[in-house]
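To be precise, the following lines are run-v3.cif, and they hold mmCIF, C-alpha atoms and all ligand atoms.
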data_start
#
loop_
_atom_site.label_atom_id
_atom_site.label_comp_id
_atom_site.auth_asym_id
_atom_site.auth_seq_id
_atom_site.Cartn_x
_atom_site.Cartn_y
_atom_site.Cartn_z
CA MET A 1 34.49 2.39 -42.78
CA THR A 2 38.04 1.02 -43.05
CA VAL A 3 39.21 3.76 -40.73
CA THR A 4 36.47 2.92 -38.26
CA ILE A 5 37.36 -0.76 -38.29
CA THR A 6 41.02 -0.04 -37.66
CA ALA A 7 40.12 2.44 -34.93
CA ALA A 8 37.71 -0.02 -33.32
CA ARG A 9 40.34 -2.77 -33.29
CA ASP A 10 42.79 -0.32 -31.75
CA VAL A 11 40.36 0.36 -28.89
CA LEU A 12 40.16 -3.36 -28.07
CA LYS A 13 43.93 -3.76 -28.33
CA ALA A 14 44.55 -0.75 -26.11
CA ASN A 15 42.09 -2.05 -23.50
CA ASP A 16 43.54 -5.58 -23.55
CA ARG A 17 45.10 -6.46 -20.20
CA GLY A 18 46.29 -9.96 -21.09
CA GLY A 19 43.39 -12.08 -22.27
CA TYR A 20 40.68 -9.86 -20.88
CA THR A 21 39.53 -6.42 -21.98
CA VAL A 22 38.74 -3.61 -19.56
CA PRO A 23 35.60 -1.61 -20.54
CA THR A 24 37.77 1.52 -20.64
CA SER A 25 40.98 2.46 -18.88
CA ARG A 26 40.78 4.29 -15.51
CA LEU A 27 36.96 4.46 -15.08
CA TYR A 28 36.55 0.65 -15.24
CA PRO A 29 39.97 -1.00 -14.74
CA PHE A 30 38.82 -4.65 -14.34
CA GLN A 31 36.88 -7.31 -16.29
CA TRP A 32 33.11 -6.80 -16.42
CA ASN A 33 30.71 -9.68 -17.06
CA TRP A 34 28.34 -8.62 -19.85
CA ASP A 35 30.89 -6.21 -21.33
CA SER A 36 33.21 -9.14 -21.99
CA ALA A 37 30.48 -11.28 -23.55
CA PHE A 38 29.87 -8.47 -26.08
CA VAL A 39 33.53 -7.59 -26.47
CA ALA A 40 34.31 -11.20 -27.47
CA LEU A 41 32.08 -10.66 -30.52
CA GLY A 42 34.29 -7.76 -31.54
CA TRP A 43 37.53 -9.73 -31.09
CA ALA A 44 36.03 -12.60 -33.10
CA THR A 45 35.99 -10.44 -36.23
CA PHE A 46 39.79 -10.35 -36.36
CA ASP A 47 41.24 -12.76 -33.78
CA GLU A 48 39.09 -15.78 -32.91
CA GLY A 49 41.57 -17.20 -30.42
CA ARG A 50 41.52 -13.94 -28.48
CA ALA A 51 37.70 -13.92 -28.49
CA TRP A 52 37.58 -17.34 -26.78
CA ARG A 53 40.26 -16.21 -24.34
CA GLU A 54 38.01 -13.30 -23.28
CA LEU A 55 35.28 -15.72 -22.20
CA GLU A 56 37.74 -18.12 -20.60
CA ARG A 57 39.22 -15.35 -18.47
CA LEU A 58 35.68 -14.29 -17.52
CA ILE A 59 34.74 -17.70 -16.19
CA GLU A 60 37.89 -17.77 -14.05
CA GLY A 61 35.76 -15.66 -11.75
CA GLN A 62 32.74 -18.00 -11.70
CA TRP A 63 31.69 -19.19 -8.24
CA GLU A 64 31.21 -22.83 -7.34
CA ASP A 65 27.44 -22.47 -7.30
CA GLY A 66 27.49 -21.15 -10.89
CA MET A 67 27.16 -17.42 -10.14
CA LEU A 68 29.14 -15.29 -12.58
CA PRO A 69 30.21 -12.08 -10.81
CA HIS A 70 29.73 -8.71 -12.43
CA ILE A 71 33.39 -7.74 -11.86
CA ILE A 72 36.51 -9.91 -11.86
CA PHE A 73 39.36 -8.04 -10.14
CA HIS A 74 42.23 -9.75 -11.96
CA ALA A 75 44.77 -7.11 -10.99
CA PRO A 76 44.70 -4.37 -8.34
CA SER A 77 43.81 -0.77 -9.20
CA ASP A 78 43.04 2.33 -7.16
CA ASP A 79 40.89 3.82 -9.88
CA TYR A 80 37.60 2.16 -8.90
CA PHE A 81 35.22 2.13 -5.94
CA PRO A 82 33.98 -0.26 -4.54
CA GLY A 83 37.07 -2.47 -4.76
CA PRO A 84 37.57 -6.07 -3.53
CA ASP A 85 37.88 -5.08 0.13
CA VAL A 86 34.36 -3.61 0.11
CA TRP A 87 32.87 -6.71 -1.52
CA GLY A 88 34.73 -9.07 0.84
CA THR A 89 33.80 -12.17 -1.17
CA HIS A 90 37.01 -14.13 -0.44
CA HIS A 91 37.30 -15.60 -3.90
CA HIS A 92 40.32 -16.10 -6.03
CA PRO A 93 40.58 -14.20 -8.31
CA ALA A 94 38.83 -11.52 -6.28
CA THR A 95 35.32 -10.76 -7.52
CA SER A 96 32.24 -8.73 -6.70
CA GLY A 97 29.33 -10.61 -5.11
CA ILE A 98 26.55 -9.81 -7.58
CA THR A 99 26.01 -10.69 -11.22
CA GLN A 100 25.03 -9.01 -14.52
CA PRO A 101 22.92 -9.83 -17.61
CA PRO A 102 23.80 -13.36 -18.78
CA VAL A 103 25.00 -12.85 -22.34
CA LEU A 104 27.59 -15.66 -22.03
CA ALA A 105 25.70 -18.50 -23.77
CA THR A 106 24.65 -16.19 -26.61
CA SER A 107 28.23 -15.13 -27.09
CA ILE A 108 29.54 -18.74 -27.10
CA ARG A 109 26.96 -19.73 -29.68
CA LEU A 110 27.71 -16.78 -31.96
CA LEU A 111 31.46 -17.38 -31.75
CA LEU A 112 30.95 -21.06 -32.55
CA GLU A 113 28.56 -20.56 -35.44
CA ASN A 114 30.59 -17.82 -37.11
CA ALA A 115 33.96 -19.48 -36.55
CA LYS A 116 36.37 -19.93 -39.43
CA ASP A 117 38.52 -22.26 -37.38
CA THR A 118 35.78 -24.76 -36.60
CA ALA A 119 37.88 -27.41 -34.85
CA GLU A 120 39.31 -24.86 -32.43
CA ALA A 121 35.87 -23.35 -31.88
CA GLU A 122 34.31 -26.75 -31.10
CA ALA A 123 36.93 -27.41 -28.45
CA HIS A 124 36.49 -24.03 -26.77
CA ALA A 125 32.70 -24.18 -26.90
CA ALA A 126 32.62 -27.72 -25.51
CA ALA A 127 34.73 -26.59 -22.55
CA LEU A 128 32.66 -23.46 -21.91
CA TYR A 129 29.25 -25.13 -22.29
CA PRO A 130 29.11 -26.66 -18.76
CA ARG A 131 29.99 -23.28 -17.26
CA ALA A 132 27.13 -21.56 -19.09
CA LEU A 133 24.83 -24.40 -18.05
CA ALA A 134 25.86 -23.93 -14.41
CA LEU A 135 25.22 -20.19 -14.71
CA HIS A 136 21.69 -20.72 -16.00
CA ARG A 137 20.97 -23.23 -13.22
CA TRP A 138 22.19 -20.69 -10.72
CA TRP A 139 19.82 -18.05 -12.05
CA THR A 140 16.86 -20.36 -11.59
CA GLU A 141 17.86 -21.78 -8.22
CA ALA A 142 19.16 -18.61 -6.59
CA ARG A 143 16.98 -15.99 -8.22
CA ASP A 144 13.64 -17.63 -8.99
CA ARG A 145 13.03 -19.02 -5.57
CA GLN A 146 9.25 -18.98 -6.01
CA HIS A 147 9.38 -20.82 -9.36
CA SER A 148 7.53 -18.03 -11.12
CA GLY A 149 9.50 -18.23 -14.36
CA LEU A 150 10.97 -14.78 -13.65
CA VAL A 151 14.38 -14.19 -12.11
CA ALA A 152 15.09 -11.28 -9.77
CA ILE A 153 17.90 -8.82 -9.47
CA LEU A 154 18.87 -7.87 -5.91
CA HIS A 155 20.97 -4.83 -6.81
CA PRO A 156 20.45 -2.22 -9.57
CA TRP A 157 24.03 -2.90 -10.75
CA GLU A 158 22.94 -6.44 -11.65
CA SER A 159 20.65 -5.01 -14.34
CA GLY A 160 23.64 -3.40 -16.06
CA MET A 161 21.37 -0.35 -16.34
CA ASP A 162 22.43 0.97 -12.98
CA ASN A 163 20.43 4.15 -12.40
CA SER A 164 17.46 3.44 -14.66
CA PRO A 165 14.33 5.32 -13.53
CA ALA A 166 12.69 1.88 -13.47
CA TRP A 167 14.46 1.28 -10.13
CA ASP A 168 13.64 4.66 -8.53
CA ALA A 169 10.56 3.62 -6.58
CA ALA A 170 12.11 0.35 -5.40
CA MET A 171 15.31 2.14 -4.36
CA VAL A 172 13.38 4.50 -2.10
CA ARG A 173 12.88 1.51 0.20
CA VAL A 174 16.64 0.99 0.47
CA PRO A 175 18.04 3.02 3.34
CA ALA A 176 20.87 5.41 2.47
CA THR A 177 22.93 4.26 5.45
CA PRO A 178 26.12 2.60 4.22
CA THR A 179 28.64 1.48 6.83
CA THR A 180 31.43 1.58 4.26
CA PRO A 181 32.68 5.12 3.63
CA ILE A 182 31.93 6.16 0.05
CA ARG A 183 35.04 7.07 -1.88
CA ARG A 184 33.77 7.59 -5.40
CA ARG A 185 36.44 7.51 -8.08
CA ASP A 186 34.09 7.74 -11.08
CA ILE A 187 33.48 11.47 -10.79
CA SER A 188 37.20 12.21 -10.92
CA HIS A 189 37.23 10.52 -14.37
CA VAL A 190 33.86 11.68 -15.74
CA GLN A 191 31.64 14.75 -15.20
CA ALA A 192 29.28 14.20 -12.26
CA ASP A 193 26.12 15.11 -14.19
CA MET A 194 26.69 12.17 -16.55
CA ARG A 195 26.88 9.69 -13.65
CA PRO A 196 24.54 8.36 -10.96
CA SER A 197 23.92 10.74 -8.05
CA GLN A 198 25.46 10.63 -4.57
CA ALA A 199 22.14 9.46 -3.07
CA ASP A 200 22.13 6.56 -5.58
CA TYR A 201 25.64 5.59 -4.45
CA GLU A 202 24.69 5.60 -0.78
CA ARG A 203 21.92 3.13 -1.49
CA TYR A 204 24.09 0.99 -3.79
CA ILE A 205 26.66 0.61 -1.05
CA THR A 206 24.07 0.00 1.67
CA LEU A 207 22.98 -3.07 -0.32
CA VAL A 208 26.58 -4.23 -0.74
CA ASP A 209 27.15 -3.84 3.03
CA LEU A 210 23.99 -5.85 3.75
CA TYR A 211 24.89 -8.75 1.45
CA ARG A 212 28.49 -8.87 2.67
CA SER A 213 27.12 -9.18 6.22
CA LEU A 214 25.13 -12.21 4.97
CA ALA A 215 28.27 -13.80 3.51
CA TRP A 216 26.73 -13.55 0.01
CA ALA A 217 24.49 -16.58 0.68
CA PRO A 218 21.71 -16.52 -1.98
CA ASP A 219 18.91 -17.68 0.35
CA ARG A 220 19.77 -15.14 3.06
CA MET A 221 20.07 -12.34 0.50
CA TRP A 222 16.70 -13.27 -0.98
CA ASP A 223 15.01 -13.15 2.42
CA ALA A 224 16.66 -10.00 3.75
CA THR A 225 16.77 -7.70 0.76
CA PRO A 226 14.71 -4.52 0.50
CA PHE A 227 15.32 -4.54 -3.30
CA LYS A 228 13.93 -7.39 -5.39
CA VAL A 229 12.90 -6.69 -8.96
CA ALA A 230 12.04 -8.95 -11.90
CA ASP A 231 13.97 -6.83 -14.37
CA LEU A 232 12.39 -7.22 -17.74
CA ALA A 233 15.64 -6.77 -19.66
CA ILE A 234 17.54 -9.40 -17.71
CA ASN A 235 14.69 -11.86 -18.05
CA ALA A 236 14.58 -11.26 -21.81
CA ILE A 237 18.36 -11.61 -22.14
CA LEU A 238 18.31 -14.79 -20.03
CA HIS A 239 15.54 -16.26 -22.16
CA ARG A 240 17.41 -15.47 -25.35
CA ALA A 241 20.57 -16.98 -23.83
CA GLU A 242 18.57 -20.05 -22.85
CA THR A 243 17.64 -20.65 -26.50
CA ASP A 244 21.33 -20.34 -27.36
CA LEU A 245 22.22 -22.71 -24.53
CA MET A 246 19.74 -25.20 -25.99
CA ALA A 247 21.54 -25.02 -29.33
CA LEU A 248 24.80 -25.73 -27.51
CA ALA A 249 23.18 -28.55 -25.52
CA ASN A 250 22.17 -30.20 -28.78
CA ARG A 251 25.87 -30.54 -29.56
CA PHE A 252 27.55 -30.87 -26.21
CA GLY A 253 24.86 -31.71 -23.63
CA THR A 254 23.01 -34.71 -22.23
CA PRO A 255 19.30 -35.53 -22.59
CA ALA A 256 18.87 -34.39 -18.98
CA ASP A 257 20.36 -30.97 -19.80
CA HIS A 258 18.02 -30.78 -22.73
CA SER A 259 14.88 -31.39 -20.69
CA ALA A 260 15.93 -28.96 -17.94
CA ILE A 261 16.53 -26.21 -20.50
CA ALA A 262 13.24 -26.97 -22.28
CA LEU A 263 11.34 -26.64 -18.98
CA ARG A 264 12.97 -23.32 -18.20
CA LEU A 265 12.29 -22.00 -21.70
CA GLU A 266 8.63 -22.80 -21.34
CA SER A 267 8.11 -21.20 -17.94
CA GLN A 268 10.20 -18.10 -18.78
CA ARG A 269 8.27 -17.49 -21.99
CA THR A 270 4.87 -17.60 -20.28
CA ALA A 271 6.01 -15.38 -17.41
CA ILE A 272 7.70 -12.75 -19.58
CA ALA A 273 4.69 -12.60 -21.91
CA ARG A 274 2.61 -11.46 -18.92
CA LEU A 275 4.79 -8.36 -18.52
CA TRP A 276 3.45 -6.86 -21.74
CA SER A 277 1.84 -3.48 -21.14
CA GLU A 278 -1.20 -2.68 -23.28
CA GLU A 279 -0.91 1.02 -22.45
CA ALA A 280 2.83 1.43 -22.97
CA ASN A 281 3.20 -0.83 -26.04
CA LEU A 282 6.26 -2.53 -24.63
CA TYR A 283 7.19 -4.72 -21.65
CA GLN A 284 7.77 -3.52 -18.09
CA SER A 285 9.50 -4.87 -14.99
CA LEU A 286 7.81 -6.16 -11.85
CA ASP A 287 8.61 -5.13 -8.29
CA LEU A 288 8.64 -8.43 -6.39
CA ILE A 289 8.35 -6.76 -2.99
CA THR A 290 5.12 -4.88 -3.74
CA GLY A 291 4.02 -7.30 -6.47
CA GLU A 292 3.35 -4.30 -8.71
CA ARG A 293 4.25 -3.55 -12.30
CA ILE A 294 6.80 -0.73 -12.69
CA PRO A 295 5.16 1.73 -15.09
CA VAL A 296 8.34 3.10 -16.66
CA SER A 297 9.12 2.74 -20.38
CA THR A 298 12.81 2.01 -20.93
CA SER A 299 14.78 0.65 -23.88
CA GLY A 300 15.14 -2.52 -21.78
CA GLY A 301 11.39 -2.99 -22.27
CA LEU A 302 12.10 -3.59 -25.97
CA LEU A 303 14.51 -6.47 -25.40
CA PRO A 304 11.85 -9.21 -25.56
CA LEU A 305 12.26 -8.66 -29.32
CA PHE A 306 15.79 -10.07 -28.93
CA ALA A 307 14.24 -13.07 -27.14
CA ARG A 308 11.44 -13.51 -29.73
CA ILE A 309 8.75 -13.22 -27.06
CA PRO A 310 6.28 -10.76 -28.69
CA THR A 311 3.59 -11.80 -31.14
CA ASP A 312 3.82 -10.14 -34.56
CA ASP A 313 1.14 -7.69 -33.51
CA GLN A 314 3.01 -6.76 -30.31
CA ALA A 315 6.26 -6.38 -32.26
CA ALA A 316 4.51 -4.00 -34.65
CA ARG A 317 3.24 -1.96 -31.72
CA MET A 318 6.75 -1.86 -30.23
CA ALA A 319 8.12 -0.69 -33.57
CA ALA A 320 5.50 2.08 -33.68
CA GLU A 321 6.46 3.11 -30.14
CA ILE A 322 10.15 3.32 -31.12
CA GLU A 323 9.16 5.47 -34.13
CA ARG A 324 7.23 7.73 -31.76
CA TRP A 325 10.35 8.16 -29.60
CA GLY A 326 12.27 8.83 -32.81
CA GLY A 327 10.01 11.79 -33.49
CA LYS A 328 11.18 13.39 -30.27
CA VAL A 329 14.94 12.66 -30.29
CA ARG A 330 17.45 12.76 -33.11
CA TYR A 331 19.14 9.41 -32.47
CA LEU A 332 17.52 6.12 -31.54
CA VAL A 333 17.16 4.37 -29.10
CA PRO A 334 17.11 6.49 -25.93
CA SER A 335 17.34 4.42 -22.73
CA LEU A 336 14.20 6.09 -21.37
CA SER A 337 11.12 7.21 -23.27
CA PRO A 338 11.72 10.87 -24.15
CA PHE A 339 8.07 11.44 -23.18
CA ASP A 340 8.87 10.52 -19.56
CA PRO A 341 9.36 13.65 -17.40
CA ARG A 342 12.47 12.02 -15.85
CA PHE A 343 14.20 11.87 -19.25
CA GLU A 344 17.75 13.29 -18.93
CA PRO A 345 19.63 13.03 -22.24
CA LYS A 346 23.10 13.06 -20.62
CA ARG A 347 22.67 11.03 -17.45
CA TYR A 348 23.77 7.43 -17.94
CA TRP A 349 20.73 5.10 -18.06
CA ARG A 350 18.16 7.89 -17.77
CA GLY A 351 18.12 8.89 -21.44
CA PRO A 352 21.38 8.28 -23.37
CA VAL A 353 21.78 5.82 -26.25
CA TRP A 354 23.89 2.69 -25.64
CA ALA A 355 25.33 0.75 -28.60
CA ILE A 356 24.90 -2.72 -27.10
CA VAL A 357 21.21 -2.15 -26.43
CA ASN A 358 20.77 -0.86 -29.97
CA ARG A 359 22.48 -3.97 -31.30
CA MET A 360 20.03 -6.26 -29.48
CA ILE A 361 16.98 -4.22 -30.52
CA ASN A 362 18.22 -4.10 -34.11
CA GLU A 363 18.64 -7.87 -34.19
CA GLY A 364 15.15 -8.41 -32.77
CA LEU A 365 13.45 -5.99 -35.14
CA SER A 366 15.13 -7.64 -38.14
CA ALA A 367 13.87 -11.02 -37.01
CA TYR A 368 10.33 -9.61 -36.88
CA ASP A 369 10.65 -8.15 -40.37
CA HIS A 370 10.87 -4.52 -39.31
CA GLY A 371 13.95 -4.15 -41.46
CA ALA A 372 13.65 -0.43 -42.17
CA LEU A 373 13.47 0.54 -38.52
CA ALA A 374 16.25 -1.93 -37.67
CA ALA A 375 18.38 -0.26 -40.35
CA ARG A 376 17.65 3.19 -38.95
CA ILE A 377 18.82 2.09 -35.51
CA ARG A 378 22.00 0.65 -36.97
CA GLU A 379 22.66 3.79 -39.03
CA ASP A 380 22.01 6.05 -36.05
CA THR A 381 24.49 4.06 -33.98
CA GLN A 382 27.11 4.17 -36.70
CA THR A 383 26.59 7.92 -37.18
CA LEU A 384 27.07 8.45 -33.46
CA MET A 385 30.30 6.46 -33.54
CA ARG A 386 31.60 8.28 -36.61
CA GLN A 387 30.79 11.70 -35.17
CA SER A 388 31.66 11.20 -31.53
CA GLY A 389 33.99 8.18 -31.39
CA PHE A 390 33.53 4.99 -29.38
CA ALA A 391 31.98 6.67 -26.34
CA GLU A 392 30.41 4.82 -23.43
CA TYR A 393 27.00 6.31 -24.33
CA TYR A 394 25.56 9.19 -26.37
CA ASP A 395 23.15 12.07 -25.98
CA PRO A 396 20.11 11.14 -28.15
CA THR A 397 19.26 14.79 -28.77
CA THR A 398 22.69 16.14 -29.80
CA GLY A 399 24.75 13.04 -30.56
CA GLU A 400 27.46 14.09 -28.10
CA GLY A 401 29.65 11.23 -26.82
CA LEU A 402 29.38 10.86 -23.03
CA GLY A 403 30.93 9.03 -20.07
CA GLY A 404 34.16 7.14 -20.69
CA GLY A 405 35.92 7.34 -24.08
CA SER A 406 37.57 4.56 -26.13
CA PHE A 407 34.96 2.19 -24.83
CA SER A 408 35.39 -1.52 -25.55
CA TRP A 409 31.82 -2.71 -26.02
CA THR A 410 30.98 0.25 -28.25
CA ALA A 411 34.01 -0.55 -30.45
CA ALA A 412 33.08 -4.24 -30.40
CA MET A 413 29.59 -3.45 -31.65
CA ALA A 414 31.08 -1.37 -34.47
CA LEU A 415 33.14 -4.41 -35.47
CA SER A 416 30.47 -7.06 -35.14
CA TRP A 417 28.01 -4.90 -37.07
CA ALA A 418 30.42 -4.00 -39.84
CA VAL A 419 31.93 -7.40 -40.51
CA PRO A 420 29.33 -10.10 -41.15
C1 LIG B 501 28.39 0.58 -15.84
C2 LIG B 501 27.23 0.11 -16.69
C3 LIG B 501 27.28 -1.39 -16.82
C4 LIG B 501 28.63 -1.80 -17.38
C5 LIG B 501 29.80 -1.20 -16.59
C6 LIG B 501 31.13 -1.40 -17.27
O1 LIG B 501 28.31 0.12 -14.55
O2 LIG B 501 26.01 0.52 -16.16
O3 LIG B 501 26.25 -1.87 -17.63
O4 LIG B 501 28.75 -3.18 -17.40
O5 LIG B 501 29.61 0.17 -16.43
O6 LIG B 501 31.11 -0.91 -18.57
#
Let me see whether you can do it: turn the structure in this file into structure tokens.
Ligand code: GLC
Amino acid sequence: MTVTITAARDVLKANDRGGYTVPTSRLYPFQWNWDSAFVALGWATFDEGRAWRELERLIEGQWEDGMLPHIIFHAPSDDYFPGPDVWGTHHHPATSGITQPPVLATSIRLLLENAKDTAEAEAHAAALYPRALALHRWWTEARDRQHSGLVAILHPWESGMDNSPAWDAAMVRVPATPTTPIRRRDISHVQADMRPSQADYERYITLVDLYRSLAWAPDRMWDATPFKVADLAINAILHRAETDLMALANRFGTPADHSAIALRLESQRTAIARLWSEEANLYQSLDLITGERIPVSTSGGLLPLFARIPTDDQAARMAAEIERWGGKVRYLVPSLSPFDPRFEPKRYWRGPVWAIVNRMINEGLSAYDHGALAARIREDTQTLMRQSGFAEYYDPTTGEGLGGGSFSWTAAMALSWAVP
């Protein structure tokens, strides 16, 4: 394990670009939102100051209304499409115009509670707290405009699970008519069959073109979009982050913050609980344009465990479902049920195993006393890393490492799992 720890630290150091960590060189040459929140947990195991810096550089990109963009373009690079000119957000530093799963408050809390240098940690956390608070307000105001308790994503990239089969039906309603010419760089770095398809990209960019034409105004985007989904995973991650924000509010917040967070916690919990599927034994997303449940079983549907939403009985049924998947693939947890006919073990979010998702599921299962299964997921992830390095994602049937190599959040999970 010593070798792995050294190697994992080396990945973070090699991907450090001066206070922020790129997910991997070339394929993703900027700072990504939820990557950095996880990567900070890796840095914290050997350099707490650097961990705080990661989050501080991330919030340099936060918009005035609280939105935290999914990419912060700190320094120019030709290796990525779509770059700042396509987004046209006119921010400094340049950023994309959409967000990603809000792991920030969870990361701040974990850094604070595990800190060895407590005085330094208190100061950093106190300064970051209002930014996380503003982010959570933004989610509710901009993305739960009907006060349902569920927030919506308006672009598949916001889910962080870009080409998940859960978005297929909703994406059919997005025209594949981008005005921006598509100049994909990803498939010059990574094999095309491990990445989203060309048709996916045309629709992704059509949405970007639409929102840019609306000057990224949340109300106009909400009204005009053909893609509006209450992504189960993002709602679960937000709810979990809200509990962490509450813990921070108890130390740094006002009574008014406290009551606003308590209200959100309550309405989120009730709304997410309704997304339980009796047939699938996990949770599923909701298409807010048709009003219909999306009957696709993804690893994201297990993340309510991380948010402590399920009852003990539901958690047991989720554990049994994971075991069932485990009978069909060699390594847990595939991003799509291997019983789904769309399961593709090498294509991105349509089958492969992702270390960060495993980390969240592992944590949730442990909290529900499914320790043996939690341990299997952790061991599978560590085996994958030992055998195939710190890959972006892994084939659950063969264990092959896929996508980008020397990947920051995979290395960070190795560190945060190995060092208590
Ligand atoms: C891909 C992933 C997303 C991640 C980004 C950078 O777009 O789908 O979740 O944040 O790469 O690693």
Can you pull out every residue within 10 Å of Ala316 (chain A), counting all atoms listed in the file, but drop anything in the same chain fewer than 6 positions away, and send it as an mmCIF file with C-alpha atoms, in the coordinates of the input?
data_model
loop_
_atom_site.group_PDB
_atom_site.id
_atom_site.type_symbol
_atom_site.label_atom_id
_atom_site.label_comp_id
_atom_site.auth_asym_id
_atom_site.auth_seq_id
_atom_site.Cartn_x
_atom_site.Cartn_y
_atom_site.Cartn_z
ATOM 1 C CA ASN A 281 3.200 -0.830 -26.040
ATOM 2 C CA PRO A 310 6.280 -10.760 -28.690
ATOM 3 C CA ILE A 322 10.150 3.320 -31.120
ATOM 4 C CA LEU A 365 13.450 -5.990 -35.140
ATOM 5 C CA TYR A 368 10.330 -9.610 -36.880
ATOM 6 C CA ASP A 369 10.650 -8.150 -40.370
ATOM 7 C CA HIS A 370 10.870 -4.520 -39.310
#
Selection: 8 Å around Gly405 (chain A), all atoms listed in the file, excl. self and same-chain fewer than 3 positions, as a VMD selection string: chain A and resid 24 389 to 392 401 to 402
Residue subset to file, keeping C-alpha atoms, as a PDB file, in the frame of the given file:
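File produced: selection_3.pdb:
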ATOM      1  CA  THR A  24      37.770   1.520 -20.640  1.00  0.00           C
ATOM      2  CA  GLY A 389      33.990   8.180 -31.390  1.00  0.00           C
ATOM      3  CA  PHE A 390      33.530   4.990 -29.380  1.00  0.00           C
ATOM      4  CA  ALA A 391      31.980   6.670 -26.340  1.00  0.00           C
ATOM      5  CA  GLU A 392      30.410   4.820 -23.430  1.00  0.00           C
ATOM      6  CA  GLY A 401      29.650  11.230 -26.820  1.00  0.00           C
ATOM      7  CA  LEU A 402      29.380  10.860 -23.030  1.00  0.00           C
TER       8      LEU A 402
END
Padding 3 Å on each side, edges along x, y and z: where is the centre of the box around the listed atoms of region 247-253 of chain A, and how long are its edges in Å to one decimal? Output it as JSON.
{"center_x": 24.5, "center_y": -28.4, "center_z": -26.6, "size_x": 12.0, "size_y": 12.7, "size_z": 11.9}
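Take the candidates A:Trp139, A:Tyr20, A:Trp222, A:Trp409 and check each one against ligand LIG 501 (chain B) using all atoms listed in the file; the shortest distance goes to A:Trp409.
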Polymer residues at most 8 Å from Ala233 (chain A), only C-alpha atoms, same-chain spacing of 3 or more positions, as a list in words: Ser159, Ala236, Ile237, Ser285, Gly300, Gly301, Leu302, Leu303 and Pro304 of chain A
Surroundings of ligand LIG 501 (chain B) up to 9 Å, based on all atoms listed in the file, as JSON, numbers by chain: {"A": [22, 23, 24, 27, 28, 30, 31, 32, 33, 34, 35, 36, 70, 71, 100, 101, 157, 158, 159, 160, 161, 162, 163, 348, 349, 392, 404, 407, 408, 409]}
Next, the residues of the selection above should be written as a PDB file, in the frame of the given file with C-alpha atoms.
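Final file, selection-v4.pdb:
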ATOM      1  CA  VAL A  22      38.740  -3.610 -19.560  1.00  0.00           C
ATOM      2  CA  PRO A  23      35.600  -1.610 -20.540  1.00  0.00           C
ATOM      3  CA  THR A  24      37.770   1.520 -20.640  1.00  0.00           C
ATOM      4  CA  LEU A  27      36.960   4.460 -15.080  1.00  0.00           C
ATOM      5  CA  TYR A  28      36.550   0.650 -15.240  1.00  0.00           C
ATOM      6  CA  PHE A  30      38.820  -4.650 -14.340  1.00  0.00           C
ATOM      7  CA  GLN A  31      36.880  -7.310 -16.290  1.00  0.00           C
ATOM      8  CA  TRP A  32      33.110  -6.800 -16.420  1.00  0.00           C
ATOM      9  CA  ASN A  33      30.710  -9.680 -17.060  1.00  0.00           C
ATOM     10  CA  TRP A  34      28.340  -8.620 -19.850  1.00  0.00           C
ATOM     11  CA  ASP A  35      30.890  -6.210 -21.330  1.00  0.00           C
ATOM     12  CA  SER A  36      33.210  -9.140 -21.990  1.00  0.00           C
ATOM     13  CA  HIS A  70      29.730  -8.710 -12.430  1.00  0.00           C
ATOM     14  CA  ILE A  71      33.390  -7.740 -11.860  1.00  0.00           C
ATOM     15  CA  GLN A 100      25.030  -9.010 -14.520  1.00  0.00           C
ATOM     16  CA  PRO A 101      22.920  -9.830 -17.610  1.00  0.00           C
ATOM     17  CA  TRP A 157      24.030  -2.900 -10.750  1.00  0.00           C
ATOM     18  CA  GLU A 158      22.940  -6.440 -11.650  1.00  0.00           C
ATOM     19  CA  SER A 159      20.650  -5.010 -14.340  1.00  0.00           C
ATOM     20  CA  GLY A 160      23.640  -3.400 -16.060  1.00  0.00           C
ATOM     21  CA  MET A 161      21.370  -0.350 -16.340  1.00  0.00           C
ATOM     22  CA  ASP A 162      22.430   0.970 -12.980  1.00  0.00           C
ATOM     23  CA  ASN A 163      20.430   4.150 -12.400  1.00  0.00           C
ATOM     24  CA  TYR A 348      23.770   7.430 -17.940  1.00  0.00           C
ATOM     25  CA  TRP A 349      20.730   5.100 -18.060  1.00  0.00           C
ATOM     26  CA  GLU A 392      30.410   4.820 -23.430  1.00  0.00           C
ATOM     27  CA  GLY A 404      34.160   7.140 -20.690  1.00  0.00           C
ATOM     28  CA  PHE A 407      34.960   2.190 -24.830  1.00  0.00           C
ATOM     29  CA  SER A 408      35.390  -1.520 -25.550  1.00  0.00           C
ATOM     30  CA  TRP A 409      31.820  -2.710 -26.020  1.00  0.00           C
TER      31      TRP A 409
END
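Picture a line from CA of Tyr393 (chain A) to CA of Pro338 (chain A); it runs 15.9 Å.
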A:Thr311, A:Pro82, A:Ile153, A:Leu332 ranked by distance to Asp209 (chain A), top pick (using only C-alpha atoms): A:Pro82
All residues 12 Å or closer to Leu68 (chain A), only C-alpha atoms, same chain fewer than 3 positions away omitted, as a ChimeraX atom specification: /A:31-34,36-37,55,57-65,71-72,91,95-104,131-139,158
Nearest candidate to Ile361 (chain A) (options A:Leu305, A:Met221, A:Met413, A:Ile272; using all atoms listed in the file): A:Leu305
Close residues, Gly253 (chain A) itself excluded, 9 Å, all atoms listed in the file, min 6 positions apart in chain, as a ChimeraX atom specification: /A:126,129-130,246
Residue subset to file, keeping C-alpha atoms, as a tab-separated table (two decimals), keeping the file's coordinate frame:
chain	number	residue	atom	x	y	z
A	126	ALA	CA	32.62	-27.72	-25.51
A	129	TYR	CA	29.25	-25.13	-22.29
A	130	PRO	CA	29.11	-26.66	-18.76
A	246	MET	CA	19.74	-25.20	-25.99
